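Enquirer: Quick one: this structure, given as structure tokens, is what I'll be asking you about.
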Amino acid sequence: MKTLIYLFIALACFSATPPANAQQSVIRGSVTDEQQQVLSLATIHLLDAGDSSVVKTIFPDKQGQFTFTGVGPGNYRVKAVLVGYEDAVSNAVAITSADHTRELPPLVLKPENKVLGEVTIDAPQRPLVERKPDMLVVNVENSTLAAGNTAMDILERSPGVTVDKDDNISLMGKQGVTVMIDGKQTYLSAAQLANLLRSTDGNSIKSIELITNPSAKYDASGTAGMINIVLKKNKMTGTNGTLTLGTGYGWGHKANTSLNINHKAGNVNLFGNYSYMNNVSGQDIGIFRTVGAGGAATSFDQLTEFNRKNRNHSFRAGVDYNTSERNVLGLQLSGYATNGDNNNNSGTSIGTNIASPDSTLLTSSLFDGRYTSFAVNLNNQFTIDSNGRKLTADVDISRFNNENRANYNNTFFLPSGEIKGSPLLSRSNMPTIVDIRVAKADYTHPLGKDSKMEAGLKYSDVEADNDMVFENQVGGDWQNDAGRTNHFVYKEQVAAAYLNYSTQLGDWGIQAGLRSEYTRSDGNSITLENRVQRDYVDFFPSIFVNYKIADNHQAGLSYSKRINRPNYGNLNPFAYFLDQYTSEQGNPYLGPEYTHAFEFSYTLMEKYHLTAGYSLTNDVIAESMMQDDETKSTWVTRDNLAKQAVWYTNLNIPVKFAKWWNTSTNINGFYMSFDGQLGASYLKQGQFALQVRNNHTFNITPSFSAEASVNYQSALVYSIYRISMRWAVDAGLSKSFLDKKASLKLSVSDMFNTRAYDVKTSYANLNVLVNQRPETRVARLTFTYNFGNLKNGARHSDTQSEEKSRISMP
């Protein structure tokens with residue numbers, strides 16, 4: 001691995017050095033206003049004089065001077081742009097094969113014949129669902145359907161995305177999705193990721209990017225692709241902000257508020273966000289299962305009501321500082337603190353004839369959860385020269401501290417109503433600490449006008465410490481239950497390097513890359529004295545080819561190899577109990593899964609998008625359910641299955657029925673099959689499934705609009721489970737006022753309360769039916785007010801990173 005890194009660094013240093021015989025023609029100039037005042041905030045473009053395409057873009061220094069270096073032979077013009085001024089364009093400049101230094105007359109910008117404070121610029125509204133060449137984008141900013149919702153609520157309603165009862169996220173029907181926030185991976189488990197997403201105010205989200213086939217510059221994790229949640233960025237100068245107040249009702253009352261403030265002056269940009277959410281929610285789950293067969297069969301009919309109360313505080317604050325015209329240094333702090341109280345009540349009828357059960361088990365579970373996180377990000381972006389060479393670096397340090405306390409009361413009743421034996425009283429405490437340290441660097445090196453080379457290094461170090469203490473009350477005293485107490489520590493280091501090349505050859509666009517990742521992991525169950533260590537190197541190639549068939553026709557073909565490592569909770573051999581008959585258990589021998597993904601895309605008139613693909617996953621991590629016919633207990637676990645194959649197609653169709661009525665329809669069809677040994681039996685099954693999202697936007701007046709969407713998912717197969725069909729209708733209204741500084745939005749999700757579904761399996765000795773009715777019908781009212789300087793735009797820097805989606809909580 002060290003040899004690979006040394007070679008990579010040498011390659012990056014070599015590519016950063018311009019060839020000795022390269023032509024170094026220079027174009028110089030300055031930019032001022034009509035009073036010869038320097039305009040250092042202008043943007044300067046070097047244009048091809050033939051087609052006016054942008055060759056390079058730079059910014060002037062504090063004296064208004066600018067210099068384009070390394071200009072190749074050709075005819076050029078220079079254009080200066082600044083908000084509030086008319087553009088200024090130079091005469092054509094000819095550069096021959098010999099070295100030249102051309103001095104331009106000053107570019108003089110004239111004020112526009114408008115008073116900026118009186119101008120309202122309405123940018124064209126982006127469609128809710130937008131197809132780009134390498135991703136599907138859901139533009140939730142300003143959507144009434146996003147107002148007052150959490151990031152998880154919005155994600156569940158995105159095209160091709162499904163979230164199951166255990167908060168596992170699927171994309172185009174496939175699990176193994178890497179979730180990022182502003183390009184930073186969330187190295188968390190499904191449960192902890194769900195807590196983070198439910199702690200993120202939907203009003204802070206700009207868009208959600210669905211990337212089914214990422215390039216080598218992205219992490220190789222995520223066999224189903226990537227989901228990037230892009231947060232809003234304030235680009236205004238001066239001081240400005242947004243206040244949001246919201247209320248709602250579904251299973252229970254909901255309230256949310258957030259304050260976003262931005263201040264930009266000179267070379268410094270300060271930003272901060274605080275949000276508070278109070279959410280009462282719940283769901284009903286019914287589980288019916290039969291153990292054994294014939295006259296020896298015993299049936300369990302269980303109904304559980306989950307009542308949740310969550311109170312969440314979250315913040316994000318930072319500063320960007322332009323240390324020079326070409327360098328931006330940034331610091332960002334973020335975190336959240338959540339208190340969660342769950343009151344779960346379960347009743348289980350047990351007997352050979354469920355109509356007249358032999359006994360009834362009543363279980364009361366009280367959970368008290370405290371979840372906190374704190375993260376620091378330090379980033380730097382250095383523009384090496386005007387040719388486009390750029391070096392970015394990020395360092396992320398974060399800690400997640402979760403503590404779950406639970407009290408259980410299991411009481412058996414006879415058919416007569418008498419208590420059978422003594423109630424079983426238990427309690428548990430499970431503190432979990434997750435530390436994540438990530439460092440990365442990326443380098444971009446243009447190779448001429450239409451080509452570039454990208455390279456990068458990354459190192460991540462993750463440690464998860466999970467210490468469960470389980471006790472039973474015996475004779476009035478609390479005694480440790482050795483069979484349920486467990487201390488599990490997981491450590492993982494991943495070192496990665498990538499090289500990515502892209503070029504444009506006429507109508508052909510080609511991108512090829514190779515990524516290498518070296519992984520070391522150590523899963524140590526201290527209590528069970530069970531330790532599993534791994535050490536392996538993988539290579540992940542990717543290639544993308546795009547072809548412009550004609551002006552209105554473009555096609556593309558891509559291939560990539562990816563990996564999905566098991567999340568930390570799934571490796572923990574400890575069993576988590578819902579009651580004495582139902583539990584979930586980890587598998588310390590669970591290995592990573594690998595996917596080969598092929599995708600074809602076609603775009604018509606830059607408007608209609610068709611995608612078709614095939615993926616083959618080896619050693620797929622599949623959820624299964626096991627049953628002990630003697631003890632009559634059932635538990636959920638995960639194992640590596642030989643293979644999973646998915647054929648899919650996605651069609652996005654935007655239609656404008658009228659000037660005031662726009663629609664977007666996204667259709668995703670896929671066939672998913674599973675094949676291999678799972679537990680003691682062989683699994684071989686598959687099924688075609690269909691997902692449809694149809695969204696309508698009605699611009700009734702310039703200040704009043706409405707939205708409605710219909711979502712449908714057909715029945716599908718996943719692992720040993722068959723999941724029933726579900727559908728829902730969402731709708732919303734939005735009214736802006738106070739010169740569009742304020743808005744009021746009313747929305748109702750799942751208007752007809754139809755998003756319930758069934759999950760069943762008849763695999764091996766299992767016969768189980770699960771009826772799930774989560775809280776989905778929610779009405780929300782949200783008020784938003786924008787204040788401060790809302791006129792002038794300015795540059796603002798962003799940073800990137802990755803790692804929090806594989807930590808686990810019970």
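Starting from 1 in every chain, residues are counted up; chains themselves are A, B, ... following the order of the structure tokens, and ligands are numbered from 1 as listed.
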Tell me which protein, DNA and RNA residues are within 12 Å of Ala689 of chain A, counting only C-alpha atoms, leaving out same-chain ones fewer than 2 positions away, and put them as a ChimeraX atom specification.

Expert: /A:160,172-174,646-649,667-673,686-687,691-692,712-718,722-726

Enquirer: Would you pick out the contacts of Lys760 of chain A at 10 Å or less, using only C-alpha atoms, so that residues sharing its chain but fewer than 3 positions from it are not included, and give the list as a list in words?

Expert: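 Contacts, with the query itself left out: Ile287, Phe288, Arg289, Val717, Ile720, Tyr721, Arg722, Ile723, Ser724, Tyr763, Leu766, Asn767, Val768, Leu769, Val770 and Asn771 of chain A.
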
Enquirer: Restricting the output to all heavy atoms, write the selected residues as a tab-separated table (two decimals), in the first residue's frame.

Expert:
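Result written to result26.tsv:
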```tsv
chain	number	residue	atom	x	y	z
A	287	ILE	N	-47.33	-8.69	13.86
A	287	ILE	CA	-46.52	-9.82	13.41
A	287	ILE	C	-47.28	-11.11	13.72
A	287	ILE	O	-47.61	-11.38	14.88
A	287	ILE	CB	-45.14	-9.85	14.11
A	287	ILE	CG1	-44.38	-8.55	13.88
A	287	ILE	CG2	-44.32	-11.04	13.61
A	287	ILE	CD1	-43.06	-8.46	14.63
A	288	PHE	N	-47.55	-11.88	12.68
A	288	PHE	CA	-48.18	-13.19	12.86
A	288	PHE	C	-47.22	-14.24	12.33
A	288	PHE	O	-46.76	-14.16	11.19
A	288	PHE	CB	-49.51	-13.28	12.10
A	288	PHE	CG	-50.20	-14.60	12.27
A	288	PHE	CD1	-51.00	-14.85	13.37
A	288	PHE	CD2	-50.03	-15.62	11.32
A	288	PHE	CE1	-51.63	-16.08	13.54
A	288	PHE	CE2	-50.65	-16.85	11.48
A	288	PHE	CZ	-51.44	-17.08	12.60
A	289	ARG	N	-46.92	-15.26	13.17
A	289	ARG	CA	-46.02	-16.32	12.74
A	289	ARG	C	-46.45	-17.65	13.34
A	289	ARG	O	-47.09	-17.69	14.40
A	289	ARG	CB	-44.58	-16.00	13.13
A	289	ARG	CG	-44.32	-15.85	14.61
A	289	ARG	CD	-42.92	-15.32	14.88
A	289	ARG	NE	-42.65	-15.13	16.31
A	289	ARG	CZ	-42.14	-16.06	17.12
A	289	ARG	NH1	-41.83	-17.25	16.62
A	289	ARG	NH2	-41.93	-15.81	18.39
A	717	VAL	N	-39.75	-8.19	-4.26
A	717	VAL	CA	-39.07	-9.23	-3.49
A	717	VAL	C	-37.72	-8.69	-3.05
A	717	VAL	O	-37.00	-8.07	-3.84
A	717	VAL	CB	-38.87	-10.50	-4.34
A	717	VAL	CG1	-37.85	-11.43	-3.69
A	717	VAL	CG2	-40.18	-11.23	-4.51
A	720	ILE	N	-35.46	-12.85	1.51
A	720	ILE	CA	-36.49	-13.86	1.76
A	720	ILE	C	-37.87	-13.23	1.87
A	720	ILE	O	-38.87	-13.94	2.08
A	720	ILE	CB	-36.19	-14.65	3.04
A	720	ILE	CG1	-36.23	-13.73	4.27
A	720	ILE	CG2	-34.86	-15.36	2.94
A	720	ILE	CD1	-36.14	-14.47	5.59
A	721	TYR	N	-37.97	-11.90	1.71
A	721	TYR	CA	-39.22	-11.19	1.98
A	721	TYR	C	-39.96	-10.84	0.70
A	721	TYR	O	-39.37	-10.53	-0.33
A	721	TYR	CB	-38.95	-9.91	2.78
A	721	TYR	CG	-38.19	-10.13	4.05
A	721	TYR	CD1	-36.87	-9.69	4.18
A	721	TYR	CD2	-38.78	-10.78	5.12
A	721	TYR	CE1	-36.17	-9.89	5.36
A	721	TYR	CE2	-38.08	-10.98	6.31
A	721	TYR	CZ	-36.77	-10.54	6.42
A	721	TYR	OH	-36.08	-10.75	7.58
A	722	ARG	N	-41.29	-10.84	0.81
A	722	ARG	CA	-42.17	-10.32	-0.24
A	722	ARG	C	-42.92	-9.13	0.34
A	722	ARG	O	-43.64	-9.27	1.33
A	722	ARG	CB	-43.13	-11.40	-0.73
A	722	ARG	CG	-42.41	-12.54	-1.45
A	722	ARG	CD	-43.37	-13.53	-2.08
A	722	ARG	NE	-42.65	-14.56	-2.81
A	722	ARG	CZ	-42.26	-14.45	-4.08
A	722	ARG	NH1	-42.57	-13.36	-4.76
A	722	ARG	NH2	-41.61	-15.42	-4.68
A	723	ILE	N	-42.73	-7.97	-0.28
A	723	ILE	CA	-43.26	-6.71	0.25
A	723	ILE	C	-44.43	-6.27	-0.63
A	723	ILE	O	-44.34	-6.26	-1.86
A	723	ILE	CB	-42.16	-5.64	0.26
A	723	ILE	CG1	-40.94	-6.15	1.07
A	723	ILE	CG2	-42.68	-4.33	0.84
A	723	ILE	CD1	-39.73	-5.27	0.97
A	724	SER	N	-45.53	-5.89	0.01
A	724	SER	CA	-46.75	-5.57	-0.72
A	724	SER	C	-46.68	-4.20	-1.39
A	724	SER	O	-45.80	-3.39	-1.11
A	724	SER	CB	-47.96	-5.60	0.23
A	724	SER	OG	-47.87	-4.54	1.17
A	763	TYR	N	-40.09	-19.10	4.07
A	763	TYR	CA	-38.77	-19.59	3.70
A	763	TYR	C	-38.29	-20.58	4.76
A	763	TYR	O	-38.38	-20.30	5.97
A	763	TYR	CB	-37.80	-18.42	3.58
A	763	TYR	CG	-36.37	-18.80	3.33
A	763	TYR	CD1	-35.96	-19.26	2.09
A	763	TYR	CD2	-35.42	-18.69	4.34
A	763	TYR	CE1	-34.64	-19.61	1.85
A	763	TYR	CE2	-34.09	-19.03	4.12
A	763	TYR	CZ	-33.71	-19.50	2.87
A	763	TYR	OH	-32.41	-19.84	2.65
A	766	LEU	N	-39.83	-21.01	8.19
A	766	LEU	CA	-40.47	-19.76	8.57
A	766	LEU	C	-41.83	-19.59	7.89
A	766	LEU	O	-42.00	-19.93	6.71
A	766	LEU	CB	-39.59	-18.57	8.20
A	766	LEU	CG	-38.29	-18.40	8.98
A	766	LEU	CD1	-37.39	-17.40	8.28
A	766	LEU	CD2	-38.58	-17.94	10.40
A	767	ASN	N	-42.77	-19.04	8.63
A	767	ASN	CA	-44.06	-18.65	8.07
A	767	ASN	C	-44.49	-17.39	8.83
A	767	ASN	O	-45.13	-17.48	9.88
A	767	ASN	CB	-45.09	-19.76	8.24
A	767	ASN	CG	-46.38	-19.46	7.49
A	767	ASN	OD1	-46.52	-18.40	6.87
A	767	ASN	ND2	-47.33	-20.38	7.55
A	768	VAL	N	-44.12	-16.21	8.31
A	768	VAL	CA	-44.26	-14.96	9.04
A	768	VAL	C	-44.95	-13.92	8.16
A	768	VAL	O	-44.65	-13.80	6.96
A	768	VAL	CB	-42.89	-14.42	9.50
A	768	VAL	CG1	-43.05	-13.13	10.28
A	768	VAL	CG2	-42.15	-15.45	10.33
A	769	LEU	N	-45.86	-13.16	8.78
A	769	LEU	CA	-46.52	-12.04	8.11
A	769	LEU	C	-46.41	-10.81	9.01
A	769	LEU	O	-46.78	-10.86	10.19
A	769	LEU	CB	-48.00	-12.34	7.83
A	769	LEU	CG	-48.85	-11.18	7.29
A	769	LEU	CD1	-48.34	-10.73	5.92
A	769	LEU	CD2	-50.32	-11.57	7.23
A	770	VAL	N	-45.88	-9.71	8.46
A	770	VAL	CA	-45.72	-8.46	9.20
A	770	VAL	C	-46.59	-7.40	8.56
A	770	VAL	O	-46.48	-7.13	7.36
A	770	VAL	CB	-44.24	-8.00	9.22
A	770	VAL	CG1	-44.12	-6.69	9.99
A	770	VAL	CG2	-43.35	-9.07	9.81
A	771	ASN	N	-47.49	-6.79	9.34
A	771	ASN	CA	-48.30	-5.66	8.87
A	771	ASN	C	-47.76	-4.39	9.51
A	771	ASN	O	-47.74	-4.28	10.74
A	771	ASN	CB	-49.77	-5.84	9.28
A	771	ASN	CG	-50.35	-7.16	8.81
A	771	ASN	OD1	-50.65	-8.03	9.63
A	771	ASN	ND2	-50.51	-7.33	7.51
```

Enquirer: Give me, please, the distance in Å between atom CA of Lys684 of chain A and atom CA of Thr290 of chain A, quoted to one decimal.

Expert: 22.6 Å

Enquirer: Give me the residues near segment 265-281 of chain A as a PDB file with N, CA, C and O atoms, in the first residue's frame, where near means some atom within 6 Å (using only C-alpha atoms) and where sequence neighbours in that chain fewer than 5 positions away do not count.

Expert:
```pdb
ATOM      1  N   GLY A 238     -22.985  41.306   2.706  1.00  0.00           N
ATOM      2  CA  GLY A 238     -23.604  41.953   3.841  1.00  0.00           C
ATOM      3  C   GLY A 238     -24.127  40.933   4.845  1.00  0.00           C
ATOM      4  O   GLY A 238     -23.628  39.817   4.947  1.00  0.00           O
ATOM      5  N   TRP A 251     -49.438  11.572  13.898  1.00  0.00           N
ATOM      6  CA  TRP A 251     -49.669  10.715  15.053  1.00  0.00           C
ATOM      7  C   TRP A 251     -49.792  11.576  16.316  1.00  0.00           C
ATOM      8  O   TRP A 251     -50.544  11.283  17.236  1.00  0.00           O
ATOM      9  N   GLY A 252     -49.015  12.657  16.338  1.00  0.00           N
ATOM     10  CA  GLY A 252     -49.044  13.612  17.433  1.00  0.00           C
ATOM     11  C   GLY A 252     -48.585  14.961  16.927  1.00  0.00           C
ATOM     12  O   GLY A 252     -48.356  15.170  15.727  1.00  0.00           O
ATOM     13  N   HIS A 253     -48.434  15.920  17.848  1.00  0.00           N
ATOM     14  CA  HIS A 253     -48.069  17.288  17.473  1.00  0.00           C
ATOM     15  C   HIS A 253     -46.601  17.372  17.074  1.00  0.00           C
ATOM     16  O   HIS A 253     -45.748  16.659  17.599  1.00  0.00           O
ATOM     17  N   LYS A 254     -46.300  18.309  16.171  1.00  0.00           N
ATOM     18  CA  LYS A 254     -44.930  18.539  15.708  1.00  0.00           C
ATOM     19  C   LYS A 254     -44.684  20.042  15.638  1.00  0.00           C
ATOM     20  O   LYS A 254     -45.587  20.812  15.319  1.00  0.00           O
ATOM     21  N   ALA A 255     -43.451  20.414  15.943  1.00  0.00           N
ATOM     22  CA  ALA A 255     -43.071  21.829  15.855  1.00  0.00           C
ATOM     23  C   ALA A 255     -41.618  21.908  15.418  1.00  0.00           C
ATOM     24  O   ALA A 255     -40.801  21.053  15.768  1.00  0.00           O
ATOM     25  N   ASN A 256     -41.300  22.928  14.646  1.00  0.00           N
ATOM     26  CA  ASN A 256     -39.918  23.126  14.219  1.00  0.00           C
ATOM     27  C   ASN A 256     -39.656  24.613  13.998  1.00  0.00           C
ATOM     28  O   ASN A 256     -40.559  25.374  13.627  1.00  0.00           O
ATOM     29  N   THR A 257     -38.429  24.996  14.278  1.00  0.00           N
ATOM     30  CA  THR A 257     -38.002  26.366  14.019  1.00  0.00           C
ATOM     31  C   THR A 257     -36.532  26.341  13.652  1.00  0.00           C
ATOM     32  O   THR A 257     -35.770  25.487  14.115  1.00  0.00           O
ATOM     33  N   SER A 258     -36.117  27.261  12.807  1.00  0.00           N
ATOM     34  CA  SER A 258     -34.703  27.339  12.424  1.00  0.00           C
ATOM     35  C   SER A 258     -34.353  28.782  12.097  1.00  0.00           C
ATOM     36  O   SER A 258     -35.196  29.561  11.655  1.00  0.00           O
ATOM     37  N   LEU A 259     -33.089  29.111  12.339  1.00  0.00           N
ATOM     38  CA  LEU A 259     -32.565  30.442  12.030  1.00  0.00           C
ATOM     39  C   LEU A 259     -31.249  30.274  11.301  1.00  0.00           C
ATOM     40  O   LEU A 259     -30.333  29.603  11.793  1.00  0.00           O
ATOM     41  N   ASN A 260     -31.167  30.866  10.122  1.00  0.00           N
ATOM     42  CA  ASN A 260     -29.959  30.808   9.305  1.00  0.00           C
ATOM     43  C   ASN A 260     -29.451  32.228   9.090  1.00  0.00           C
ATOM     44  O   ASN A 260     -30.200  33.095   8.633  1.00  0.00           O
ATOM     45  N   ARG A 308     -43.317   7.569  20.022  1.00  0.00           N
ATOM     46  CA  ARG A 308     -42.016   8.223  20.100  1.00  0.00           C
ATOM     47  C   ARG A 308     -42.175   9.718  20.342  1.00  0.00           C
ATOM     48  O   ARG A 308     -43.054  10.365  19.770  1.00  0.00           O
ATOM     49  N   LYS A 309     -41.296  10.243  21.195  1.00  0.00           N
ATOM     50  CA  LYS A 309     -41.199  11.683  21.409  1.00  0.00           C
ATOM     51  C   LYS A 309     -39.733  12.072  21.244  1.00  0.00           C
ATOM     52  O   LYS A 309     -38.887  11.608  22.003  1.00  0.00           O
ATOM     53  N   ASN A 310     -39.443  12.898  20.257  1.00  0.00           N
ATOM     54  CA  ASN A 310     -38.068  13.321  19.984  1.00  0.00           C
ATOM     55  C   ASN A 310     -37.961  14.840  20.036  1.00  0.00           C
ATOM     56  O   ASN A 310     -38.772  15.549  19.421  1.00  0.00           O
ATOM     57  N   ARG A 311     -36.968  15.318  20.764  1.00  0.00           N
ATOM     58  CA  ARG A 311     -36.667  16.749  20.823  1.00  0.00           C
ATOM     59  C   ARG A 311     -35.220  16.921  20.383  1.00  0.00           C
ATOM     60  O   ARG A 311     -34.310  16.308  20.966  1.00  0.00           O
ATOM     61  N   ASN A 312     -35.022  17.743  19.379  1.00  0.00           N
ATOM     62  CA  ASN A 312     -33.706  17.827  18.757  1.00  0.00           C
ATOM     63  C   ASN A 312     -33.236  19.270  18.609  1.00  0.00           C
ATOM     64  O   ASN A 312     -33.985  20.139  18.157  1.00  0.00           O
ATOM     65  N   HIS A 313     -31.988  19.510  18.993  1.00  0.00           N
ATOM     66  CA  HIS A 313     -31.300  20.779  18.735  1.00  0.00           C
ATOM     67  C   HIS A 313     -30.128  20.469  17.796  1.00  0.00           C
ATOM     68  O   HIS A 313     -29.354  19.541  18.044  1.00  0.00           O
ATOM     69  N   SER A 314     -29.975  21.235  16.734  1.00  0.00           N
ATOM     70  CA  SER A 314     -28.833  21.042  15.840  1.00  0.00           C
ATOM     71  C   SER A 314     -28.289  22.399  15.410  1.00  0.00           C
ATOM     72  O   SER A 314     -29.015  23.398  15.390  1.00  0.00           O
ATOM     73  N   PHE A 315     -27.005  22.411  15.070  1.00  0.00           N
ATOM     74  CA  PHE A 315     -26.378  23.669  14.673  1.00  0.00           C
ATOM     75  C   PHE A 315     -25.302  23.394  13.627  1.00  0.00           C
ATOM     76  O   PHE A 315     -24.770  22.295  13.509  1.00  0.00           O
ATOM     77  N   ARG A 316     -24.994  24.443  12.887  1.00  0.00           N
ATOM     78  CA  ARG A 316     -23.889  24.423  11.923  1.00  0.00           C
ATOM     79  C   ARG A 316     -23.362  25.842  11.820  1.00  0.00           C
ATOM     80  O   ARG A 316     -24.131  26.783  11.572  1.00  0.00           O
ATOM     81  N   ALA A 317     -22.067  26.038  12.024  1.00  0.00           N
ATOM     82  CA  ALA A 317     -21.487  27.377  11.981  1.00  0.00           C
ATOM     83  C   ALA A 317     -20.087  27.289  11.386  1.00  0.00           C
ATOM     84  O   ALA A 317     -19.400  26.271  11.520  1.00  0.00           O
ATOM     85  N   GLY A 318     -19.674  28.356  10.726  1.00  0.00           N
ATOM     86  CA  GLY A 318     -18.344  28.310  10.129  1.00  0.00           C
ATOM     87  C   GLY A 318     -17.912  29.637   9.562  1.00  0.00           C
ATOM     88  O   GLY A 318     -18.639  30.639   9.598  1.00  0.00           O
ATOM     89  N   VAL A 319     -16.701  29.622   9.031  1.00  0.00           N
ATOM     90  CA  VAL A 319     -16.128  30.817   8.429  1.00  0.00           C
ATOM     91  C   VAL A 319     -15.304  30.406   7.215  1.00  0.00           C
ATOM     92  O   VAL A 319     -14.624  29.385   7.233  1.00  0.00           O
ATOM     93  N   ASP A 320     -15.416  31.181   6.144  1.00  0.00           N
ATOM     94  CA  ASP A 320     -14.561  31.051   4.965  1.00  0.00           C
ATOM     95  C   ASP A 320     -13.724  32.326   4.864  1.00  0.00           C
ATOM     96  O   ASP A 320     -14.270  33.438   4.944  1.00  0.00           O
ATOM     97  N   TYR A 321     -12.417  32.177   4.696  1.00  0.00           N
ATOM     98  CA  TYR A 321     -11.532  33.337   4.648  1.00  0.00           C
ATOM     99  C   TYR A 321     -10.653  33.259   3.409  1.00  0.00           C
ATOM    100  O   TYR A 321      -9.914  32.298   3.208  1.00  0.00           O
ATOM    101  N   ASN A 322     -10.762  34.262   2.544  1.00  0.00           N
ATOM    102  CA  ASN A 322      -9.923  34.356   1.361  1.00  0.00           C
ATOM    103  C   ASN A 322      -8.563  34.916   1.776  1.00  0.00           C
ATOM    104  O   ASN A 322      -8.381  36.135   1.893  1.00  0.00           O
TER     105      ASN A 322
END
```

Enquirer: Within 7 Å of Asn666 of chain A, counting only C-alpha atoms, which residues show up once you throw out same-chain ones fewer than 4 positions away? Write them as a PyMOL selection string, please.

Expert: chain A and resi 159+651-653+692-694

Enquirer: What would the file look like if the residues just selected were written as a PDB file, in the first residue's frame with N, CA, C and O atoms?

Expert:
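The file below, out20.pdb, is the result:
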```pdb
ATOM      1  N   PRO A 159     -37.579   9.977  -6.056  1.00  0.00           N
ATOM      2  CA  PRO A 159     -37.747   8.921  -7.062  1.00  0.00           C
ATOM      3  C   PRO A 159     -36.728   7.795  -6.903  1.00  0.00           C
ATOM      4  O   PRO A 159     -35.533   8.042  -6.763  1.00  0.00           O
ATOM      5  N   LEU A 651     -37.095   6.283 -16.434  1.00  0.00           N
ATOM      6  CA  LEU A 651     -37.523   7.249 -17.446  1.00  0.00           C
ATOM      7  C   LEU A 651     -38.054   8.483 -16.748  1.00  0.00           C
ATOM      8  O   LEU A 651     -38.920   8.386 -15.868  1.00  0.00           O
ATOM      9  N   ASN A 652     -37.516   9.650 -17.100  1.00  0.00           N
ATOM     10  CA  ASN A 652     -37.960  10.918 -16.529  1.00  0.00           C
ATOM     11  C   ASN A 652     -38.583  11.764 -17.629  1.00  0.00           C
ATOM     12  O   ASN A 652     -37.924  12.068 -18.643  1.00  0.00           O
ATOM     13  N   ILE A 653     -39.853  12.144 -17.454  1.00  0.00           N
ATOM     14  CA  ILE A 653     -40.607  12.849 -18.503  1.00  0.00           C
ATOM     15  C   ILE A 653     -41.186  14.140 -17.935  1.00  0.00           C
ATOM     16  O   ILE A 653     -42.190  14.113 -17.217  1.00  0.00           O
ATOM     17  N   VAL A 692     -43.355   4.633  -9.449  1.00  0.00           N
ATOM     18  CA  VAL A 692     -43.780   5.784 -10.255  1.00  0.00           C
ATOM     19  C   VAL A 692     -43.999   6.975  -9.336  1.00  0.00           C
ATOM     20  O   VAL A 692     -44.629   6.853  -8.278  1.00  0.00           O
ATOM     21  N   ARG A 693     -43.439   8.114  -9.743  1.00  0.00           N
ATOM     22  CA  ARG A 693     -43.706   9.374  -9.048  1.00  0.00           C
ATOM     23  C   ARG A 693     -44.159  10.399 -10.076  1.00  0.00           C
ATOM     24  O   ARG A 693     -43.440  10.677 -11.043  1.00  0.00           O
ATOM     25  N   ASN A 694     -45.348  10.957  -9.872  1.00  0.00           N
ATOM     26  CA  ASN A 694     -45.906  11.955 -10.782  1.00  0.00           C
ATOM     27  C   ASN A 694     -46.152  13.240  -9.995  1.00  0.00           C
ATOM     28  O   ASN A 694     -46.960  13.257  -9.059  1.00  0.00           O
TER      29      ASN A 694
END
```

Enquirer: Give the answer as one residue: which of A:Leu425, A:Ile227, A:Leu499, A:Ala731 has the shortest atom-to-atom distance to Glu471 of chain A, using only C-alpha atoms?

Expert: A:Leu425

Enquirer: Report as a list in words all protein, DNA and RNA residues lying within 10 Å of segment 293-296 of chain A, evaluated on only C-alpha atoms, omitting residues in the same chain fewer than 3 positions from it.

Expert: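 So, after excluding close chain neighbours, the residues are Thr290, Ser299, Thr352, Asp629 and Asn765 of chain A.
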
Enquirer: Go through A:Gly286, A:Gly50, A:Pro774, A:Gly448 one by one, measure the shortest atom-to-atom distance of each to Thr304 of chain A using only C-alpha atoms, and give the residue with the smallest value.

Expert: A:Gly286

Enquirer: Give me, as a PyMOL selection string, all polymer residues having an atom no more than 9 Å from segment 61-67 of chain A, counting only C-alpha atoms and skipping those fewer than 6 positions away in the same chain.

Expert: chain A and resi 26-32+37-42+44+324-325+386

Enquirer: Quick one, how far is atom CA of Pro357 of chain A from atom CA of Asp301 of chain A?

Expert: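 Distance between the two atoms: 9.4 Å.
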